[in-house]
Structures are given as structure tokens and as C-alpha cells.
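S.K.: My questions will all concern the structure given below.
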Amino acid sequence: MKARINDFRYQLAVGVWHRPAVYLCYVLKGNRVGVDTWVLIGLVAAGGQLSSSQAVATEVVRHFNIGRQSLNNALIQFAAQAELELIFSADMLRELASPELHGDMSAEQALTHLLHGSGFTYRFIDTDTVTLERSPAATDLSRLPPPITLDAMTVVGSKTAEAGAEIATEPMLDEARTYAVRHIASATGTDTPIKQIPQSVHALNRPLLDDQQTINLSESLVNVSGIVARNTLYSPVIEGTLIRGFRSEQLLDGFTQYYNPGDRESTINIDRIEVLKGSNALLYSGGSGSPVGGVVNLLAKLPQAKAFGEAGFRIGSHSFYQPFFDVNQPLNANILLRMTGEYTNARHDIDIIETQRFNLNPALTLTDNEQTRLTIQAKLSRWQQPEYQGLPATGSIAGDFATRPDLFPGPANLPDSHSDADAVWATLDRQLTGSWRLSLKARYAQAKFDEKIQTLFGSDGLVADRPLLSASRWALVNAELFQQQHERSVLGNLQGKFKLGPSENNLLLGADYSSLQDAGFIEGDFGALGFGVGTVDLRAPIFDAPYAVPGPGRENQFIENLTYGAYLQWQSTLYRRLHWLSGLRLGKVGIDFNNAQTGVNVTTDTLKWLPRLGGVIDLNDEVSWFISYSEGMRGQPFVNFVDTPAPELSNHLETGLKFNFANQFSGQLALYQIERSQVAVTDSSDFLRRSVAAGQQRSRGIEMDLLWQPVEGFSVLANYAHTDARFMDDKAGVAAGNRLAQVPEDAGRLWAHYRFQQDELQGFSLGFGVYARAGAYLSNNNRFKTAGYHSFDAALAYETGRFQWAATVKNLSDEDYFQPYGYFEGRVAPAAGRAGFLSFSIKY
């Protein structure tokens with residue numbers, strides 16, 4: 001921390017004895033000291049050399065995660081992460097900036113990187129203490145302060161060398177380019193090594209997204225095993241991503257997105273994507289409660305201390321164009337600003353579909369560069385596109401006729417659907433003491449979406465996978481769905497670190513509150529005779545029935561979600577080999593559903609203890625074995641129950657291996673089981689076809705995720721998942737043992753990327769990937785199933801100085817296939833054909 005002087009000065013006199021020792025005294029001049037004045041005494045030692053054992057201790061490999069900022073702030077973070085005592089004059093470093101530092105390395109390697117080009121070097125006084133000095137080449141005696149006087153001094157960090165620490169024996173790879181992420185905060189609320197977390201967790205960092213030239217967020221998720229990403233054709237009115245066969249939820253900086261509306265496919269403001277599999281109820285229970293399959297947490301880009309920026313433009317097939325920018329401009333050392341933005345206009349292989357979306361993301365950080373940091377962020381996003389309902393199974397993957405894959409099933413006058421989302425949130429981090437840290441978050445968000453569709457109606461109702469009137473004729477129904485939401489959330493936790501005997505402990509005490517108000521309507525025009533507003537023969541389709549608004553458009557469905565709870569989590573490391581995590585949450589889920597049109601008014605109000613337990617054993621320095629158990633609870637909105645509604649419950653059991661060989665070959669192997677109970681299913685004995693909370697489902701599987709970086713510039717990512725997700729009873733109206741819709745049994749991804757190291761090819765990089773998956777059922781009745789498919793993609797890029805260009809091709813071999821779409825729980829969507837993209841950007 002900095003010494004602040006108010007109407008006084010202090011001097012630090014250092015006398016050097018004939019042997020390595022420290023003699024210090026200080027003189028305070030003046031007698032007025034402000035309430036925020038801190039006086040700090042630094043220690044400077046002279047003479048002596050590190051012993052061999054001390055030198056070895058300085059080579060302990062640690063994880064560093066330090067962004068671009070002032071050198072003063074970066075060194076403060078370095079001292080905390082290296083657990084060293086660092087002594088330097090704050091005035092010496094004024095106006096100097098530091099580079100980014102991410103990766104696993106020794107303290108000396110990290111400090112060398114941070115000080116590169118600064119004119120300073122370092123000297124270890126002992127194993128625990130290091131001081132900065134001007135490098136001989138940069139020393140200007142006329143500008144040096146008197147040798148015994150310092151106007152301001154910074155001493156940060158504390159370290160006691162640990163016996164048995166790992167020693168760096170391998171050459172370090174370029175950490176700025178590797179895909180490996182060693183630490184993650186989303187899973188535990190604390191910055192924890194992935195190797196010590198008893199859960200399958202994954203992180204996709206910016207180098208991976210940039211190398212693959214990701215166009216949409218959803219396509220990036222295939223880099224994680226067990227995920228079925230939502231189809232980008234689907235209107236952003238529900239979060240459709242599946243993890244391990246069940247619905248997941250997308251978070252933004254730890255806040256639930258609920259329906260996830262607006263421009264949700266943009267990657268311009270994403271610094272990292274963190275995926276947590278299974279129930280995460282302990283930390284994430286906002287909205288309707290904890291998701292069953294897992295969460296996808298998007299970490300937004302934050303302001304940095306050093307000014308930089310990027311502006312670019314991407315063009316591609318089907319009239320695709322996308323300008324984007326990222327500007328970071330600190331106003332001074334204490335006020336930092338950043339703004340990102342992107343606009344996308346894209347046509348599609350499918351007739352008349354044109355998507356327009358944009359987002360703006362301002363961020364402001366106020367910091368004292370010592371103990372307190374307040375960051376205020378906002379997001380403004382819009383999306384519009386004609387509503388795409390998919391194609392029926394009959395005529396695409398079944399039946400005696402073939403519908404054109406690029407057919408848009410709807411009238412030409414169909415207006416665009418819209419999805420808007422705006423949010424503002426703030427995060428306050430305060431280091432209370434050396435051991436305790438406070439974090440508070442709050443957010444307000446509002447959103448709305450309006451879907452207009454002329455939907456098909458078949459013999460299976462709105463699922464519409466089978467025709468209604470003949471072998472190829474369906475009825476048409478004009479429909480509209482409108483919803484608007486207002487959300488208020490508050491999250492907070494207190495984190496404390498302490499040692500207890502042979503154990504190192506991290507205690508997290510937290511609480512959260514989330515209130516969401518949702519209002520809207522669903523209307524449909526089934527015609528006077530109940531056969532809709534017309535019919536269409538998809539053997540020779542002509543949509544001559546125009547779209548018309550089907551009703552008065554008055555809000556008549558009102559939902560209030562209220563979730564809150566408190567939790568305690570204890571992480572403990574015993575003898576550096578056993579890592580234990582235990583937690584308990586007392587959570588409440590309340591849902592008030594009111595349909596003013598039908599008179600239905602039901603309320604869910606459930607309070608439940610939710611445990612989380614897990615452990616990791618380091619079998620050796622490279623391999624760890626983990627096991628975990630957790631429970632979740634989720635409300636069931638938009639369900640009309642026969643009697644008092646009940647929340648959905650889940651439990652998650654998982655075990656597996658985590659490994660890291662020489663920081664070159666790493667990954668995870670996991671076996672899991674998720675059981676889901678009290679799922680809302682239709683009561684066949686009820687005349688009104690209302691629901692009861694009685695369904696049982698289960699998902700089992702095996703997953704593997706690998707990263708390999710054998711040499712500088714070459715990276716390989718691979719994953720595989722086998723998922724067996726089934727109904728365990730027949731209460732959902734399907735046979736017990738049926739598979740859940742849209743979930744392939746097997747899927748895998750391979751991506752390889754090489755950054756050329758040869759002098760004549762410096763700046764060039766080349767990547768190639770393939771994604772393959774088995775077929776999946778369209779609906780829970782398992783009547784129709786798509787075939788398996790594979791898709792290739794490739795990327796070529798060149799970067800020199802401030803300029804970068806990249807070319808990418810998606811579906812390189814132009815594969816033709818259908819995917820389950822999930823519109824009214826059925827239908828398919830065709831694959832996008834081969835598409836090329838070219839991007840240019842300039843950085844400063």
C-alpha cells in the first residue's frame with residue numbers, strides 16, 4: 001500500500017553493518033495526520049548471497065493472473081500471488097505500465113516479465129523478501145533520490161517458503177498463447193486451481209476464441225465435452241443450451257440471465273467462458289433456482305490501467321458484415337474506462353431470414369490501487385429476425401417427399417420478432433485485512449421479447465412433426481408470444497484465509513437475493529372451426545394466408561420469482577495433497593403464477609437445505625482423483641399445476657481424474673450421474689390437462705477433455721462425451737427408458753492450431769478442427785431421430801505489429817445434415833452450408 005503524507009514528511013534511515021543486517025529508524029516531521037494517512041516502514045538489507053536452499057525456494061512454480069495496468073498495481077498483485085514481501089519506492093514507478101502476465105511460472109520468471117523494459121531489476125534479500133533496483137543501463141545518477149531518503153515506500157505481501165514445493169524444470173511456453181487455464185473462480189467463489197476443485201470445470205480463454213475466429217458464442221461451446229449448444233436460428237427467448245442432457249443456464253459475471261434475451265451470441269465483450277457442470281446451487285440459485293445440467297458463466301472484459309484499443313470489421317458469406325471495437329482509456333491512475341461494441345447483419349441459407357443484432361458494453365472502474373476496487377458495468381443489446389420455426393420431421397428426415405432445406409415455412413409478410421435486454425451492475429471488492437476480503441455485487445436488468453409466428457399444426461399438435469390433413473398438409477395458426485421482465489439481484493460474500501495446523505483453509509460466507517417480475521401473454525388464432533387460418537401442402541408449399549395479430553395483445557400472465565439464501569463453504573488443503581470442499585446452503589425458491597384470463601393463481605414457496613461435498617487427492621504431482629456430491633432445487637414457472645406446485649429437485653454425483661504433465665499435456669476425465677425428480681408432467685386424468693410434479697429423469701455418462709501443447713506455437717484441444725439421458729418413469733406420457741430429446745449419445749471435438757516460429761513466416765498461424773456427433777431424437781416420444789454428422793472448420797491468420805487479418809471457413813466440406821431444433825418440442829433445422837469469413841483489425 002502507498003504511504004500518504006498530509007502536512008508531514010518522514011525519513012527512513014538505513015545503516016548497513018559489516019555483516020548482512022538491517023538497522024532502521026524514522027523521523028516524522030509535523031504533527032497533523034489525516035484520518036486516511038498511512039505511514040509505512042520498509043526494510044532494506046545489504047550484502048550477503050542467497051544460500052542454495054534459498055535459491056531453490058524462489059523457483060517454486062505458482063499461478064499468476066495479472067492484467068495490463070500500472071506497474072505499481074501489477075507489483076502489488078504479484079506480491080500477493082507469489083506470497084513474497086516486496087519493497088519498492090512508489091514514486092520510482094510513477095507513470096510506468098506493466099504487460100499482462102498469465103500462467104504458471106516461478107516468482108523470478110514472473111518478476112522478470114513484469115519489469116521488462118521498465119529500467120528496473122530486482123534483488124532477493126532473502127527467500128521471502130525482494131527489493132527493486134534501477135538496472136545499471138538505466139541508472140541516471142542526477143535523477144536518483146538521496147540514498148537514505150524515500151518519500152514513499154511500498155511493502156506488500158508475506159511469504160513463508162513451503163517445504164516440498166514443486167520446482168520448475170521444464171522450459172516455459174508462451175503463456176499468452178496457450179489455451180490452458182489453471183485457476184478458476186466461478187466454481188467456488190474463490191480463485192482456486194482447477195486441479196483442486198472436486199467438480200468438472202472448464203475455461204475457454206481469449207486466445208482460443210481468437211484462434212478459432214469465433215463468430216457466435218454458441219459455436220465456441222463445442223470446445224467443452226457434454227454440451228449441446230442452442231441453435232443460433234432460435235429467437236433469444238429461452239436459454240436452450242444443454243449440459244449433460246439437461247437444461248443449463250447462462251450467467252454474466254455470476255448473474256443469471258433467466259431467458260437470456262437480446263444479443264446473446266456476441267463474443268466482443270467476453271474475456272473468458274467458464275463452464276461448471278452439474279448442480280451449482282450453493283452459489284447460483286437466482287432466477288428460478290439452480291439449473292440441473294450446469295452453468296455457462298461469461299466473464300466480461302474489464303478496464304485496465306494501460307490505454308489500448310482495437311477496431312475491426314468482419315465480412316462473410318450471405319451478406320454477413322460485422323464492425324466491432326474495444327477501447328480502453330484510463331482517465332488517471334484511479335479512474336479506468338472501457339467500452340466494447342459490435343453490430344451484426346447476417347443473412348442465412350434459409351429464405352428471407354436476415355438477422356440484425358448489436359450490443360454496447362461500457363465499464364468504469366474506480367480504484368485506490370491498494371485495497372478497494374469498484375467496477376460499474378452495463379450492457380445494451382438488441383436482436384431482430386423473422387421467427388424461424390424449423391421444418392417438420394415428415395418431409396425432412398422422414399416421409400415419402402422431401403421439403404427444400406432452405407424453405408422458410410411462413411408467409412412473406414411475417415414481421416420480425418424482437419428481443420431486447422438492458423442491464424447495469426456493480427461489483428465492490430475490498431481487502432479488509434491481509435486474510436479477509438469482502439465482495440458485493442448488485443444488478444438491475446430489464447428485458448422484453450415479442451415473437452410473431454404463423455406456426456404449423458399437425459396431428460401431433462404444435463409439435464407438428466406429422467401432417468394433419470393428408471400425407472403432406474398441415475394447418476396454419478397465427479400466434480404471438482410477448483414477455484417483459486424486471487430483475488433485481490444482490491450477491492455478497494466474505495472470504496477469509498487462515499492456517500490451522502497442517503492445513504490451509506479458505507472460508508466463504510455468502511448470501512444472495514434475486515427478484516424477477518415477468519408479465520406477458522400467449523395468443524393464437526385457431527380459426528372458427530379450430531383448423532387455423534389456412535393450410536399448406538409442404539410437398540408444394542405456398543403460404544398464401546397472410547399473418548395477422550391473433551389477439552388484443554393485453555398482458556394476462558404474471559409471474560414473480562423470488563429466490564434468496566445464505567451459504568457457508570469451507571475449502572481446506574491438508575499436507576498439500578488432500579483438498580476438501582464442503583458447503584451448505586439454506587435456499588428459498590418462491591414462484592407466484594397468475595393467469596388473469598383463466599383465473600389460475602398458484603404459488604410455490606419452498607425452503608430447503610442444499611449440501612455440497614467433495615474432495616481431491618493428489619496421487620502424485622501430475623495426477624489427482626476427485627469425487628463430489630451436490631443437490632439442487634429449481635422452481636417451475638409457466639406450469640399450470642393441478643394442486644399446490646412443488647419445485648424440481650436434483651442431485652449430482654461425480655468422480656474422475658485431473659492431470660497436468662509438465663504444463664504441456666493436461667485435462668480431465670469424469671464419470672457422473674444426475675437424478676432429477678418432481679419434474680412437471682401432464683396429468684392424463686385431469687380434464688384441463690394440468691400438470692403434477694412427479695416425473696423422474698436421469699443422466700449418466702463419461703466425458704474427457706484434453707489440452708496438448710508439446711512445443712512452442714502448437715496447441716491441440718480434444719474432447720469426447722458419452723451421454724445417456726433417459727426418462728425413469730412413464731408419467732410424462734412417454735415410455736420409461738425413452739431418451740431425452742436433442743441429446744446425442746456420443747459427440748466429440750478436435751482442434752489443432754500452429755503459430756509459425758520460423759523467421760520468414762513469423763506472424764502467420766493456421767488452425768483446423770472437426771466436430772462430430774451421433775444422431776438425436778427430436779421429441780421425448782422418440783418417434784423421429786436425426787442422423788449423425790460431422791463438420792470441419794479452418795482458420796488462417798496473420799498478425800504484425802498493430803495490424804491483423806484472419807480468414808475462416810465453417811463447414812469446410814459443405815456437409816448436408818439436419819439437427820433437432822426443439823420448437824414446440826419437435827422439428828429440425830438444416831445445417832448452414834459452407835461459409836467463409838474475413839476479418840481485419842487495427843490495434844494500438
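To be explicit about the labels: the chains of the C-alpha cells are called A, B, and onward in the order shown, and within each one the residues are counted from 1, while ligands get numbers from 1 in the order they are shown.
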As a PyMOL selection string, please: the residues near region 286-303 of chain A (cut-off 7 Å, only C-alpha atoms, same-chain neighbours under 5 positions excluded).

M.R.: chain A and resi 242-254+256+258+269-281+328+336-338+363-365+514+516+561+563+589+632-635+650

S.K.: Write a file of the just-selected residues containing C-alpha atoms, as a short mmCIF file (atom, residue, chain, number, x, y, z; two decimals), in the first residue's frame.

M.R.:
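Wrote it out as selection34.cif, contents follow:
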data_model
loop_
_atom_site.label_atom_id
_atom_site.label_comp_id
_atom_site.auth_asym_id
_atom_site.auth_seq_id
_atom_site.Cartn_x
_atom_site.Cartn_y
_atom_site.Cartn_z
CA LEU A 242 -27.96 -28.44 -22.69
CA ILE A 243 -25.21 -29.76 -20.41
CA ARG A 244 -25.14 -33.49 -19.68
CA GLY A 245 -28.59 -33.83 -21.21
CA PHE A 246 -30.37 -31.24 -19.05
CA ARG A 247 -31.10 -27.54 -19.32
CA SER A 248 -28.33 -25.20 -18.26
CA GLU A 249 -28.27 -21.51 -17.53
CA GLN A 250 -26.06 -18.74 -18.87
CA LEU A 251 -24.59 -16.30 -16.36
CA LEU A 252 -22.96 -12.93 -16.93
CA ASP A 253 -20.30 -12.21 -14.30
CA GLY A 254 -22.18 -14.53 -11.94
CA THR A 256 -28.38 -15.33 -14.01
CA TYR A 258 -33.05 -16.13 -16.99
CA ASN A 269 -17.03 -8.37 -24.61
CA ILE A 270 -16.05 -11.85 -23.43
CA ASP A 271 -12.74 -12.23 -21.66
CA ARG A 272 -13.31 -15.85 -20.68
CA ILE A 273 -16.03 -18.52 -20.67
CA GLU A 274 -16.22 -20.73 -17.60
CA VAL A 275 -18.36 -23.89 -17.67
CA LEU A 276 -19.46 -25.62 -14.46
CA LYS A 277 -21.16 -29.00 -14.84
CA GLY A 278 -23.86 -30.42 -12.61
CA SER A 279 -25.82 -28.70 -9.86
CA ASN A 280 -24.27 -25.43 -8.69
CA ALA A 281 -26.98 -24.50 -6.22
CA ASN A 328 -9.70 1.03 -23.06
CA LEU A 336 -10.41 3.48 -15.69
CA LEU A 337 -12.82 3.29 -18.64
CA ARG A 338 -13.53 0.65 -21.24
CA ALA A 363 -17.39 -0.32 -17.93
CA LEU A 364 -15.96 2.06 -15.34
CA THR A 365 -13.53 1.15 -12.55
CA SER A 514 -33.00 -12.24 -6.63
CA LEU A 516 -37.80 -11.18 -11.06
CA ASN A 561 -39.85 -15.26 -8.92
CA THR A 563 -35.08 -16.63 -4.63
CA VAL A 589 -37.49 -20.61 -4.14
CA GLY A 632 -30.21 -28.51 -6.40
CA MET A 633 -33.71 -27.05 -6.34
CA ARG A 634 -35.48 -25.21 -9.14
CA GLY A 635 -38.90 -23.63 -9.43
CA SER A 650 -31.88 -32.79 -8.43
#

S.K.: For CA of Thr682 (chain A) and CA of Val642 (chain A), determine how far apart the two atoms are, in Å to one decimal place.

M.R.: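 These two atoms are separated by 9.2 Å.
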
S.K.: Apply DSSP to the structure's backbone, then extract all residues of region 497-641 of chain A labelled strand (DSSP E) and return them as a PyMOL selection string.

M.R.: chain A and resi 497-500+503-525+534-537+557-574+578-595+600-618+623-634

S.K.: I need the residue nearest Arg576 (chain A) from this list: A:Gln196, A:Leu508, A:Leu613, A:Ala203. Use only C-alpha atoms for the distance.

M.R.: A:Gln196

S.K.: Using only C-alpha atoms, which protein or nucleic acid residues come within 9 Å of Gln762 (chain A)? Drop anything in the same chain fewer than 4 positions from it, and give the result as a VMD selection string.

M.R.: chain A and resid 755 to 758 798 to 800

S.K.: Kindly indicate which residue among A:Arg827, A:His202, A:Arg726, A:His753 lies nearest to Ser779 (chain A), using only C-alpha atoms for the distances.

M.R.: A:Arg827

S.K.: Here is a test: counting only C-alpha atoms, which residue of A:Leu778, A:Ile353, A:Val616, A:Ala346 is nearest to Arg314 (chain A)?

M.R.: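 Of the candidates, the smallest distance to Arg314 (chain A) is held by A:Ala346.
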
S.K.: Can you tell me, as a ChimeraX atom specification, what residues are no more than 7 Å from His722 (chain A) when counting only C-alpha atoms, ignoring any on the same chain fewer than 4 positions away?

M.R.: /A:701-703,745-747

S.K.: Could you pull the residues within 7 Å of Arg698 (chain A), counting only C-alpha atoms, minus those fewer than 6 positions along the same chain, as a PyMOL selection string?

M.R.: chain A and resi 674-676+725-728

S.K.: Please write the residues from the selection above to a file, keeping N, CA and C atoms, as a tab-separated table (two decimals), in the first residue's frame.

M.R.:
chain	number	residue	atom	x	y	z
A	674	ILE	N	-26.70	-37.76	-12.78
A	674	ILE	CA	-27.61	-36.72	-12.32
A	674	ILE	C	-29.01	-37.30	-12.26
A	675	GLU	N	-29.67	-37.17	-11.13
A	675	GLU	CA	-31.05	-37.59	-10.98
A	675	GLU	C	-31.94	-36.37	-10.78
A	676	ARG	N	-33.04	-36.37	-11.48
A	676	ARG	CA	-33.95	-35.23	-11.49
A	676	ARG	C	-35.33	-35.75	-11.08
A	725	ALA	N	-29.15	-40.03	-21.30
A	725	ALA	CA	-30.16	-39.26	-20.56
A	725	ALA	C	-31.54	-39.85	-20.87
A	726	ARG	N	-32.26	-40.32	-19.84
A	726	ARG	CA	-33.50	-41.07	-20.05
A	726	ARG	C	-34.59	-40.66	-19.06
A	727	PHE	N	-35.85	-41.01	-19.44
A	727	PHE	CA	-36.99	-40.94	-18.54
A	727	PHE	C	-36.98	-42.20	-17.67
A	728	MET	N	-37.20	-42.03	-16.37
A	728	MET	CA	-37.18	-43.17	-15.47
A	728	MET	C	-38.56	-43.67	-15.12

S.K.: So what do you get for CA of Arg612 (chain A) versus CA of Gln673 (chain A), distance-wise?

M.R.: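 Interatomic distance, CA of Arg612 (chain A) to CA of Gln673 (chain A): 15.0 Å.
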